[in-house]
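First up is the structure itself, then whatever we jot down about it.
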Amino acid sequence: MRITTARRIAQAFFFLLFAWLCLVAAVGTGWFQWRGWPIRWFLELDPLVAVGTVLTTHSLYPGLAWALGTIVVTILLGRVFCGWICPFGTIHQAAGWIGRHGRRPKLVIDSNQYHPLQRLKYGILAAFLVAAAVPPKLTGLAHLHTGLLDPIPLVQRSFNLVVLPVAGLGSGGGFSGGRFYAESVVIGTVFLGFVLLNFAVPRLFCRFVCPLGALLAILGRAAPFGIKTRKHACTECGACNLNCEGACNPKGPIQVSECLLCMNCFEDCPTSHPIGYGPRPSLAGEITSPGLSRRGFVASVVAGLAVVPLSRLSGSDANNWQAGLVRPPGAVAEDEFLARCIKCGECMRVCPTNVLQPAGFSTGMEVLWTPVLNNRIGTSGCQMDCVACGYACPTGAIRRLTLDEKLGRGESRGAGPIRLGLAAVDRGRCLPWAMGRPCIVCEETCPVSPKAITVEEAQGLSPDGVAVRLQRPVVDPSRCIGCGVCEHECPMNGIRAIRVSADNESRDPAHSILLHHENKS
């Protein structure tokens, strides 16, 4: 078997595995649903997720130890992950192959020449790592995580929130579809844009943008094995550049950090094996430096230092915190949450009611695409008996809760149930309060026992002037857990007459509206 055939088989296997793990990230017992499948595995293999999380939290979440395997393989063999495993890289390679099909060989070879702008990805990596490493105590601000451009969270987010819903492969209902995500147009445009750019330049994202590729390039630059050219046997025809995925100039001097180990140069060389894989160095010469100049590195550091305060210009400090950001059950305190969340969309994918949604641009760059509850979308609010999001999170941004802990039962009874926020009745829009019309939907659907929503008896007038008995809903803050079921079921179109905010959430005592909490019986 030719080595390029082995590489294609490996790429197909890992891509299908990735797609399957995205598909089965659905709560249920069917064969196509989450039944112990390692749905976080590709995220846990990503060294940039591990490094970024270590920089922001000064700890390594246990599952991310898988990334050490990727690091060791890269140090020994080079960028095997990029060329053989990465599902986003496989998509780019397939799109690039389609894009260059039928083009004249000289044009293809020219598009595969090394370009100095390939150094840009090292600047992007440096900027993200500096932004992640800035101590919040120095700035009073939270970290900005690498998940925005890290290819594994990016492709995971795109498949979870765009590709599978568009294909009709909804979670929770098997293959029935019906999933909606507020930011899907933007997320899909970013994903599709990067894919379509391959028709102009093969693997453009990998060569010029990918921060994970830059990290692996640095780790693998001193690998003892790599592509090597026997200078005396090379005719310098340039055929080895015809399908070179990394634009690494395999005929020499080879750009070691850019080689993706696609092995296409083996097949394309017309002479008798002048190119091989073995102990380095290459006889045709090597360039091991990533090529980022001192000026470029300084600019990247400055950009990383600047992007954190710029991301907080919305003023979301202690006195102007965003009460509209209702986080899922088990979410840690906001600063640590933003330090851990890589915006992968796993929690949103597994949510059985589709209530978890990606935050939009209006919430600020650091909050962008992190999970928030939108109780108007989906089939209901946050279900009382569901803790799936915590078990899907790969970085610990959402803690793994037991049902007893979430509901405040058993050993967790003293701490009370987990509160996501607080529902409040808008008396200017509520039918019985503002319009004198009977409606107790929110009280009827409140799942808390005893109910957090009760009714006050009152007299009112119907539209034709007839006296009617009204039951007006009132929320008890000591019982409300902010699940959002009432908001979802409220019959008022547009802005609901009862809405949940993050006030009174358990994860931050500073947001409490009560002097103390009591569980009323």
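A note on labels: chains of the structure tokens are A, B, ... as shown, every chain counts residues from 1, and ligands are counted from 1 in their shown order.
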Exercise for review: Please identify which residues in stretch 187-262 of chain A DSSP calls strand (DSSP E) from the backbone, and express them as a list of chain:residue names.
Suggested key: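 Across stretch 187-262 of chain A, those assigned strand (DSSP E) are A:Phe225, A:Gly226, A:Ile227, A:Lys228, A:Thr229, A:Ile254, A:Gln255.
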Practice item. Work out how far apart atom CA of A:His273 and atom CA of A:Leu107 are and give it in Å to one decimal. Key: 24.5 Å
Practice item. Can you work out the spacing between atom CA of A:Val163 and atom CA of A:Arg179 in Å, to one decimal? Key: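 The value is 11.0 Å.
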Exercise for review: Within stretch 59-235 of chain A, find each residue whose DSSP state, derived from the backbone, is alpha helix (DSSP H), and express the selection as an MDAnalysis selection string.
Suggested key: chainID A and resid 67:77 80 87:100 105:111 120:133 136:139 151:158 164:166 184:196 204 211:220
Review point. Restricting the calculation to only C-alpha atoms, which member of A:Pro491, A:Gly416, A:Gly246, A:Pro290 is positioned closest to A:Arg429?
Key: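 Among the listed residues, the smallest separation from A:Arg429 belongs to A:Pro491.
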Skip A:Val24 itself and residues of its chain fewer than 5 positions away, then list as a PDB file with C-alpha atoms, in the first residue's frame all residues within 8 Å of it, counting only C-alpha atoms.
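Result saved to part34.pdb:
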ATOM      1  CA  PHE A  32     -27.526   7.105  17.190  1.00  0.00           C
ATOM      2  CA  GLN A  33     -27.568   8.889  20.571  1.00  0.00           C
ATOM      3  CA  TRP A  34     -25.143   9.482  23.412  1.00  0.00           C
ATOM      4  CA  TRP A  37     -19.475   7.649  23.114  1.00  0.00           C
ATOM      5  CA  ILE A  39     -17.926  12.913  22.156  1.00  0.00           C
ATOM      6  CA  SER A 171     -30.348  15.810  18.467  1.00  0.00           C
TER       7      SER A 171
END
Near stretch 60-75 of chain A, 6 Å: stretch 208-298 of chain A residue rows, closest pairs, only C-alpha atoms, as CSV:
residue,atom,partner,partner_atom,distance
A:Leu219,CA,A:Ile75,CA,5.6
A:Gly220,CA,A:Ile75,CA,4.7
A:Ala223,CA,A:Ile75,CA,5.2
